[in-house]
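File shown: start_18.tsv (TSV, C-alpha atoms).
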```
chain	number	residue	atom	x	y	z
A	112	MET	CA	-1.81	-27.49	5.88
A	113	PRO	CA	-1.84	-24.82	8.60
A	114	THR	CA	-4.63	-25.01	11.17
A	115	PHE	CA	-4.50	-21.34	12.19
A	116	LYS	CA	-6.25	-18.39	10.57
A	117	PRO	CA	-3.94	-15.38	10.09
A	118	ASP	CA	-5.07	-11.97	11.28
A	119	LEU	CA	-2.94	-9.94	8.86
A	120	ALA	CA	-2.09	-10.38	5.16
A	121	VAL	CA	0.84	-8.50	3.65
A	122	ILE	CA	-0.08	-7.64	0.05
A	123	ILE	CA	2.98	-7.39	-2.21
A	124	PRO	CA	2.79	-6.64	-5.96
A	125	ILE	CA	5.99	-7.98	-7.52
A	126	PHE	CA	7.68	-7.55	-10.88
A	127	ASN	CA	11.19	-8.82	-11.65
A	128	GLU	CA	12.15	-8.96	-7.96
A	129	GLU	CA	14.42	-12.02	-8.09
A	130	SER	CA	17.35	-10.25	-6.43
A	131	SER	CA	15.49	-8.60	-3.55
A	132	LEU	CA	12.30	-10.56	-2.78
A	133	MET	CA	13.74	-13.13	-0.36
A	134	ALA	CA	15.72	-10.52	1.59
A	135	MET	CA	12.52	-8.49	2.00
A	136	ALA	CA	10.53	-11.55	3.10
A	137	GLU	CA	13.13	-12.58	5.69
A	138	GLY	CA	13.60	-9.07	7.07
A	139	LEU	CA	9.91	-8.26	7.35
A	140	ALA	CA	9.04	-11.70	8.77
A	141	ASN	CA	11.08	-10.98	11.91
A	142	HIS	CA	9.09	-7.80	12.55
A	143	LEU	CA	5.78	-9.50	11.78
A	144	ASP	CA	6.55	-12.28	14.26
A	145	ASP	CA	7.36	-9.71	16.96
A	146	ILE	CA	4.48	-7.32	16.29
A	147	VAL	CA	1.61	-9.49	15.04
A	148	GLY	CA	2.72	-12.87	16.38
A	149	LYS	CA	4.14	-16.03	14.88
A	150	GLU	CA	1.72	-17.80	12.55
A	151	ARG	CA	-0.71	-14.85	12.79
A	152	TRP	CA	0.24	-13.29	9.45
A	153	THR	CA	0.73	-14.29	5.82
A	154	TYR	CA	2.29	-13.02	2.60
A	155	VAL	CA	0.13	-12.55	-0.51
A	156	MET	CA	2.44	-11.98	-3.48
A	157	VAL	CA	0.93	-11.02	-6.84
A	158	ASP	CA	3.28	-11.32	-9.81
A	159	ASN	CA	2.82	-8.76	-12.60
A	160	GLY	CA	4.27	-11.02	-15.28
A	161	SER	CA	7.92	-11.15	-14.19
A	162	LYS	CA	10.49	-12.28	-16.77
A	163	ASP	CA	13.25	-13.26	-14.35
A	164	GLY	CA	13.39	-15.83	-11.53
A	165	THR	CA	10.86	-14.07	-9.31
A	166	ARG	CA	8.42	-16.98	-9.49
A	167	LYS	CA	10.97	-19.45	-8.11
A	168	VAL	CA	11.84	-17.15	-5.20
A	169	ALA	CA	8.14	-16.58	-4.44
A	170	GLN	CA	7.56	-20.32	-4.37
A	171	GLU	CA	10.42	-20.68	-1.89
A	172	ILE	CA	8.69	-18.10	0.29
A	173	THR	CA	5.38	-19.97	0.19
A	174	SER	CA	7.19	-23.15	1.23
A	175	ARG	CA	8.85	-21.42	4.21
A	176	TRP	CA	5.76	-19.52	5.33
A	177	CYS	CA	3.18	-22.09	4.36
A	178	SER	CA	0.05	-19.97	4.71
A	179	SER	CA	1.41	-17.52	2.12
A	180	LYS	CA	0.09	-17.25	-1.43
A	181	TYR	CA	1.67	-16.63	-4.81
A	182	LEU	CA	-0.63	-15.39	-7.57
A	183	ARG	CA	0.33	-14.42	-11.10
A	184	LEU	CA	-1.11	-12.00	-13.66
A	185	ASP	CA	-0.44	-12.31	-17.38
A	186	LYS	CA	0.78	-8.73	-17.70
A	187	ALA	CA	1.91	-5.88	-15.50
A	188	ASN	CA	-0.92	-3.96	-13.84
A	189	TYR	CA	-0.14	-2.55	-10.41
A	190	GLY	CA	-3.73	-1.76	-9.47
A	191	GLU	CA	-5.00	-5.13	-10.63
A	192	ALA	CA	-2.27	-6.82	-8.58
A	193	LEU	CA	-3.44	-4.96	-5.47
A	194	SER	CA	-7.08	-5.79	-6.18
A	195	VAL	CA	-6.35	-9.49	-6.71
A	196	GLY	CA	-4.18	-9.63	-3.60
A	197	LEU	CA	-6.76	-7.94	-1.39
A	198	LYS	CA	-9.50	-10.28	-2.59
A	199	ALA	CA	-7.31	-13.28	-1.85
A	200	ALA	CA	-6.36	-12.13	1.65
A	201	SER	CA	-9.25	-13.47	3.79
A	202	THR	CA	-7.90	-11.71	6.90
A	203	GLN	CA	-9.19	-9.02	9.24
A	204	TYR	CA	-6.41	-6.64	8.29
A	205	THR	CA	-4.13	-6.09	5.31
A	206	TYR	CA	-0.82	-4.29	4.92
A	207	ILE	CA	0.10	-3.08	1.40
A	208	ILE	CA	3.79	-2.66	0.62
A	209	ASN	CA	6.30	-2.69	-2.22
A	210	VAL	CA	9.34	-4.94	-2.06
A	211	ASP	CA	11.65	-1.96	-1.47
A	212	PHE	CA	9.18	0.26	0.41
A	213	TRP	CA	8.11	-0.93	3.87
A	214	ASP	CA	8.64	0.36	7.36
A	215	PRO	CA	8.52	-1.68	10.61
A	216	ILE	CA	7.64	1.43	12.63
A	217	PHE	CA	4.63	2.04	10.37
A	218	LEU	CA	3.63	-1.61	10.85
A	219	HIS	CA	3.99	-1.36	14.63
A	220	TRP	CA	1.99	1.88	14.87
A	221	SER	CA	-0.72	0.61	12.53
A	222	TRP	CA	-1.09	-2.69	14.36
A	223	HIS	CA	-1.38	-0.85	17.68
A	224	HIS	CA	-4.15	1.36	16.20
A	225	ARG	CA	-5.82	-1.31	14.07
A	226	GLU	CA	-9.20	-0.86	15.74
A	227	SER	CA	-9.08	2.94	15.71
A	228	TYR	CA	-8.89	3.54	11.94
A	229	ASP	CA	-10.33	2.01	8.79
A	230	LEU	CA	-7.42	3.08	6.58
A	231	ILE	CA	-3.94	4.17	7.62
A	232	ILE	CA	-1.81	5.86	4.97
A	233	GLY	CA	1.97	5.92	5.08
A	234	SER	CA	2.90	9.27	3.52
A	235	LYS	CA	6.31	9.96	2.01
A	236	ARG	CA	5.35	13.65	1.74
A	237	SER	CA	4.24	14.59	5.26
A	238	ASP	CA	7.79	14.77	6.65
A	239	PHE	CA	10.41	15.73	4.06
A	240	SER	CA	13.25	15.00	6.47
A	241	LEU	CA	12.44	11.32	5.81
A	242	ASN	CA	12.19	11.66	2.02
A	243	GLN	CA	15.31	10.75	0.05
A	244	GLN	CA	13.70	10.50	-3.37
A	245	LEU	CA	15.32	12.02	-6.42
A	246	PRO	CA	14.23	15.67	-6.95
A	247	PHE	CA	12.18	14.94	-10.07
A	248	ARG	CA	10.28	12.18	-8.25
A	249	THR	CA	9.53	14.55	-5.37
A	250	MET	CA	8.30	17.19	-7.82
A	251	LEU	CA	6.10	14.66	-9.64
A	252	SER	CA	4.52	13.55	-6.36
A	253	TRP	CA	3.91	17.18	-5.38
A	254	GLY	CA	2.22	17.92	-8.71
A	255	LEU	CA	-0.05	14.89	-8.60
A	256	ASN	CA	-1.09	15.48	-5.01
A	257	THR	CA	-1.76	19.15	-5.70
A	258	ILE	CA	-4.23	18.01	-8.36
A	259	LEU	CA	-5.80	15.58	-5.87
A	260	LYS	CA	-6.15	18.38	-3.33
A	261	PHE	CA	-7.80	20.99	-5.55
A	262	ALA	CA	-9.64	18.81	-8.07
A	263	PHE	CA	-10.70	15.92	-5.84
A	264	GLY	CA	-10.81	17.48	-2.37
A	265	PHE	CA	-8.24	15.12	-0.86
A	266	VAL	CA	-7.23	16.35	2.59
A	267	GLY	CA	-4.07	14.25	2.97
A	268	THR	CA	-0.63	14.50	1.38
A	269	ASP	CA	-0.19	11.10	-0.32
A	270	THR	CA	-2.29	8.28	-1.73
A	271	HIS	CA	0.45	5.89	-2.89
A	272	GLY	CA	2.70	3.56	-0.97
A	273	GLN	CA	2.19	1.71	2.31
A	274	LYS	CA	-1.31	1.29	3.67
A	275	PHE	CA	-2.97	-0.60	6.48
A	276	LEU	CA	-6.62	-1.58	5.96
A	277	LYS	CA	-9.33	-2.82	8.29
A	278	MET	CA	-11.07	-5.14	5.87
A	279	GLU	CA	-14.42	-5.21	7.68
A	280	THR	CA	-15.05	-1.58	6.76
A	281	MET	CA	-12.91	-1.28	3.62
A	282	GLU	CA	-14.27	-4.35	1.83
A	283	ASN	CA	-17.33	-2.60	0.36
A	284	ILE	CA	-15.13	0.31	-0.77
A	285	LEU	CA	-12.79	-2.08	-2.57
A	286	LYS	CA	-15.68	-3.86	-4.30
A	287	VAL	CA	-16.78	-0.70	-6.11
A	288	THR	CA	-13.32	0.69	-6.89
A	289	GLU	CA	-13.09	0.87	-10.68
A	290	MET	CA	-9.62	2.15	-11.56
A	291	ARG	CA	-6.57	-0.05	-11.94
A	292	GLN	CA	-2.89	0.68	-12.54
A	293	ALA	CA	-1.51	3.49	-10.34
A	294	GLN	CA	-4.97	4.96	-9.64
A	295	PHE	CA	-6.43	1.96	-7.79
A	296	ASP	CA	-5.26	2.88	-4.31
A	297	THR	CA	-5.86	6.58	-4.97
A	298	GLU	CA	-9.49	5.85	-5.81
A	299	PHE	CA	-10.20	3.68	-2.79
A	300	THR	CA	-8.54	6.28	-0.55
A	301	LEU	CA	-10.79	9.02	-1.97
A	302	ARG	CA	-13.83	6.77	-1.63
A	303	ALA	CA	-12.96	6.05	2.00
A	304	GLN	CA	-12.62	9.77	2.73
A	305	ARG	CA	-15.93	10.64	1.05
A	306	SER	CA	-17.68	7.81	2.88
A	307	GLY	CA	-16.66	9.29	6.20
A	308	LEU	CA	-14.50	6.38	7.27
A	309	LYS	CA	-11.78	6.96	9.83
A	310	LEU	CA	-8.44	7.69	8.12
A	311	ALA	CA	-5.02	8.36	9.58
A	312	GLU	CA	-1.87	9.56	7.86
A	313	VAL	CA	1.61	9.01	9.27
A	314	PRO	CA	5.02	9.85	7.78
A	315	VAL	CA	7.24	7.06	6.47
A	316	PRO	CA	10.82	7.17	5.18
A	317	ILE	CA	11.58	6.51	1.55
A	318	LYS	CA	14.92	5.93	-0.14
A	319	GLU	CA	15.31	4.79	-3.73
A	320	TYR	CA	17.62	1.79	-3.97
A	321	ARG	CA	17.25	1.25	-7.71
A	322	LYS	CA	16.82	3.29	-10.84
A	323	PRO	CA	13.26	4.19	-11.90
A	324	ARG	CA	11.88	1.59	-14.30
A	325	ASN	CA	10.09	4.15	-16.46
A	326	PRO	CA	11.45	7.46	-17.84
A	327	MET	CA	10.05	10.55	-16.13
A	328	ILE	CA	8.22	11.85	-19.21
A	329	ARG	CA	6.53	8.49	-19.75
A	330	LYS	CA	5.50	8.32	-16.10
A	331	LEU	CA	4.19	11.89	-16.22
A	332	ILE	CA	2.06	11.21	-19.32
A	333	PHE	CA	0.84	7.93	-17.88
A	334	ASN	CA	-0.24	9.61	-14.63
A	335	LEU	CA	-1.96	12.52	-16.37
A	336	ILE	CA	-4.00	10.12	-18.49
A	337	GLY	CA	-4.82	8.11	-15.38
A	338	THR	CA	-5.86	11.24	-13.51
A	339	VAL	CA	-8.37	12.13	-16.25
A	340	GLY	CA	-9.85	8.65	-15.96
A	341	LEU	CA	-9.92	8.98	-12.19
A	342	TRP	CA	-11.81	12.28	-12.45
A	343	ARG	CA	-14.52	10.63	-14.54
A	344	VAL	CA	-15.02	8.05	-11.80
A	345	VAL	CA	-14.61	10.17	-8.68
A	346	ARG	CA	-16.92	13.01	-9.77
A	347	LYS	CA	-19.82	10.54	-9.45
A	348	ILE	CA	-18.94	9.57	-5.88
A	349	PRO	CA	-21.07	11.47	-3.33
A	350	THR	CA	-19.59	12.88	-0.14
A	351	LEU	CA	-21.67	11.15	2.52
A	352	ARG	CA	-19.99	12.61	5.61
A	353	ALA	CA	-17.30	15.10	6.53
A	354	PRO	CA	-13.78	13.64	6.46
A	355	GLN	CA	-12.52	11.93	9.61
A	356	PHE	CA	-8.85	12.42	8.86
A	357	HIS	CA	-6.07	12.51	11.46
A	358	ARG	CA	-2.38	13.27	10.95
A	359	PHE	CA	0.43	12.16	13.19
A	360	ALA	CA	4.14	12.94	13.45
A	361	ARG	CA	7.01	10.47	13.33
A	362	LYS	CA	7.52	11.16	17.03
A	363	ASP	CA	4.02	9.80	17.74
A	364	MET	CA	4.97	6.59	15.93
A	365	LEU	CA	8.28	6.20	17.74
A	366	ASN	CA	6.56	6.52	21.12
A	367	ILE	CA	4.40	3.52	20.27
A	368	ALA	CA	7.32	1.52	18.87
A	369	LYS	CA	9.24	1.94	22.14
A	370	LYS	CA	6.47	0.35	24.20
```
Would you write the structure of this file as structure tokens?
Amino acid sequence: MPTFKPDLAVIIPIFNEESSLMAMAEGLANHLDDIVGKERWTYVMVDNGSKDGTRKVAQEITSRWCSSKYLRLDKANYGEALSVGLKAASTQYTYIINVDFWDPIFLHWSWHHRESYDLIIGSKRSDFSLNQQLPFRTMLSWGLNTILKFAFGFVGTDTHGQKFLKMETMENILKVTEMRQAQFDTEFTLRAQRSGLKLAEVPVPIKEYRKPRNPMIRKLIFNLIGTVGLWRVVRKIPTLRAPQFHRFARKDMLNIAKK
């Protein structure tokens, strides 16, 4: 058993990732060792009920990086996977990623600023020169975030994707977050903003390496239903303080990464 206590947990919801999980773990581990320090970080993988060999690969990862954890849900639920992973982290900081959506420059910048912000959001929409999504995916993201802006008062450009959390201040937010599925991280981001916590948004690149798992019309309906549920929850959340929200450019991130 390891005698150290990691400072950072990387939260990874996984579903049928047999072919790509180990490559992600090996690639990201090199950056984590350089940026955070060897034996100062851990993987927390939460399986959404995979049907392939994902479990075997995840177990190989926990044997190589022995502080890491593999947890399994009975059925797919992205938000529940994030919630379970965050509760299991037991670290000062957490980094939320997807298997095919992580950025070492975001990690480096966030780690450098880990004491300055409570929540750092990696936005795929704040710099479209970095966005290589399919047009319909870009349009869907624009529509959903337009709703968040005008109906929920969100001052950023994205609530999904990579995030870096200071758990000391975000823990109470996470405890009261009600939504699951795709709305979980959207809700805790809105709660953090309305609580007056310190938020930062930085641009991250995105490129789709595999076909979408759900048809566009199904995803659209699913998100609209989720947004109605989110409205019922968020309308009851008071705005305690004015937003403390800061945006940065990719150039700002690269300057830190070069140091």
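Each of A:Tyr181, A:Phe333, A:Tyr189, A:Tyr204 was compared to Glu282 in chain A using all atoms listed in the file, and A:Tyr204 turns out to be the nearest.
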Exercise. Suppose you want the space between CA of Ile208 in chain A and CA of Ile122 in chain A; what is it in Å?
Worked result: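 These atoms are spaced 6.3 Å apart.
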For this session: Can you work out the spacing between CA of His271 in chain A and CA of Ile216 in chain A in Å, to one decimal?
Result: 17.7 Å
For this session: May I have the residues within 12 Å of Phe217 in chain A as a PyMOL selection string, using all atoms listed in the file and disregarding those fewer than 5 positions away in the same chain?
Result: chain A and resi 139+142-143+146+206-208+212+222-225+231-235+272-275+311-316+359-368
Problem set entry | Given all atoms listed in the file as the counted atoms, nearest of A:Ala187, A:Ser227, A:Met133, A:Leu119 to Tyr154 in chain A | A:Leu119
Problem set entry | Among listed residues A:Asn188, A:Asn334, A:Ser240, A:Ser130, nearest Gly164 in chain A (using all atoms listed in the file) |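 Looking only at the distances to Gly164 in chain A, the closest residue turns out to be A:Ser130.
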Please reconstruct the missing atoms of range 120-141 of chain A (target: N, CA and C atoms) and return them as an mmCIF file, keeping the file's coordinate frame.
```
data_model
loop_
_atom_site.group_PDB
_atom_site.id
_atom_site.type_symbol
_atom_site.label_atom_id
_atom_site.label_comp_id
_atom_site.auth_asym_id
_atom_site.auth_seq_id
_atom_site.Cartn_x
_atom_site.Cartn_y
_atom_site.Cartn_z
ATOM 1 N N ALA A 120 -2.702 -10.000 6.437
ATOM 2 C CA ALA A 120 -2.090 -10.380 5.160
ATOM 3 C C ALA A 120 -1.263 -9.220 4.642
ATOM 4 N N VAL A 121 -0.043 -9.509 4.240
ATOM 5 C CA VAL A 121 0.840 -8.500 3.650
ATOM 6 C C VAL A 121 0.731 -8.626 2.132
ATOM 7 N N ILE A 122 0.163 -7.616 1.490
ATOM 8 C CA ILE A 122 -0.080 -7.640 0.050
ATOM 9 C C ILE A 122 1.131 -7.038 -0.662
ATOM 10 N N ILE A 123 1.740 -7.826 -1.572
ATOM 11 C CA ILE A 123 2.980 -7.390 -2.210
ATOM 12 C C ILE A 123 2.886 -7.585 -3.729
ATOM 13 N N PRO A 124 2.670 -6.520 -4.500
ATOM 14 C CA PRO A 124 2.790 -6.640 -5.960
ATOM 15 C C PRO A 124 4.258 -6.786 -6.326
ATOM 16 N N ILE A 125 4.579 -7.732 -7.188
ATOM 17 C CA ILE A 125 5.990 -7.980 -7.520
ATOM 18 C C ILE A 125 6.179 -8.039 -9.028
ATOM 19 N N PHE A 126 7.331 -7.517 -9.463
ATOM 20 C CA PHE A 126 7.680 -7.550 -10.880
ATOM 21 C C PHE A 126 9.206 -7.555 -11.003
ATOM 22 N N ASN A 127 9.736 -8.667 -11.498
ATOM 23 C CA ASN A 127 11.190 -8.820 -11.650
ATOM 24 C C ASN A 127 11.937 -8.496 -10.363
ATOM 25 N N GLU A 128 11.584 -9.208 -9.289
ATOM 26 C CA GLU A 128 12.150 -8.960 -7.960
ATOM 27 C C GLU A 128 13.061 -10.096 -7.492
ATOM 28 N N GLU A 129 13.614 -10.844 -8.435
ATOM 29 C CA GLU A 129 14.420 -12.020 -8.090
ATOM 30 C C GLU A 129 15.527 -11.698 -7.088
ATOM 31 N N SER A 130 16.183 -10.566 -7.252
ATOM 32 C CA SER A 130 17.350 -10.250 -6.430
ATOM 33 C C SER A 130 17.021 -9.726 -5.044
ATOM 34 N N SER A 131 15.792 -9.264 -4.816
ATOM 35 C CA SER A 131 15.490 -8.600 -3.550
ATOM 36 C C SER A 131 14.306 -9.197 -2.780
ATOM 37 N N LEU A 132 13.536 -10.085 -3.392
ATOM 38 C CA LEU A 132 12.300 -10.560 -2.780
ATOM 39 C C LEU A 132 12.555 -11.362 -1.507
ATOM 40 N N MET A 133 13.498 -12.293 -1.531
ATOM 41 C CA MET A 133 13.740 -13.130 -0.360
ATOM 42 C C MET A 133 14.285 -12.305 0.808
ATOM 43 N N ALA A 134 15.181 -11.365 0.523
ATOM 44 C CA ALA A 134 15.720 -10.520 1.590
ATOM 45 C C ALA A 134 14.595 -9.718 2.253
ATOM 46 N N MET A 135 13.667 -9.214 1.444
ATOM 47 C CA MET A 135 12.520 -8.490 2.000
ATOM 48 C C MET A 135 11.684 -9.414 2.875
ATOM 49 N N ALA A 136 11.383 -10.619 2.367
ATOM 50 C CA ALA A 136 10.530 -11.550 3.100
ATOM 51 C C ALA A 136 11.157 -11.935 4.440
ATOM 52 N N GLU A 137 12.450 -12.194 4.449
ATOM 53 C CA GLU A 137 13.130 -12.580 5.690
ATOM 54 C C GLU A 137 13.189 -11.428 6.680
ATOM 55 N N GLY A 138 13.499 -10.225 6.184
ATOM 56 C CA GLY A 138 13.600 -9.070 7.070
ATOM 57 C C GLY A 138 12.263 -8.689 7.678
ATOM 58 N N LEU A 139 11.232 -8.651 6.858
ATOM 59 C CA LEU A 139 9.910 -8.260 7.350
ATOM 60 C C LEU A 139 9.314 -9.332 8.249
ATOM 61 N N ALA A 140 9.592 -10.610 7.965
ATOM 62 C CA ALA A 140 9.040 -11.700 8.770
ATOM 63 C C ALA A 140 9.418 -11.571 10.240
ATOM 64 N N ASN A 141 10.647 -11.148 10.516
ATOM 65 C CA ASN A 141 11.080 -10.980 11.910
ATOM 66 C C ASN A 141 10.221 -9.947 12.630
#
```
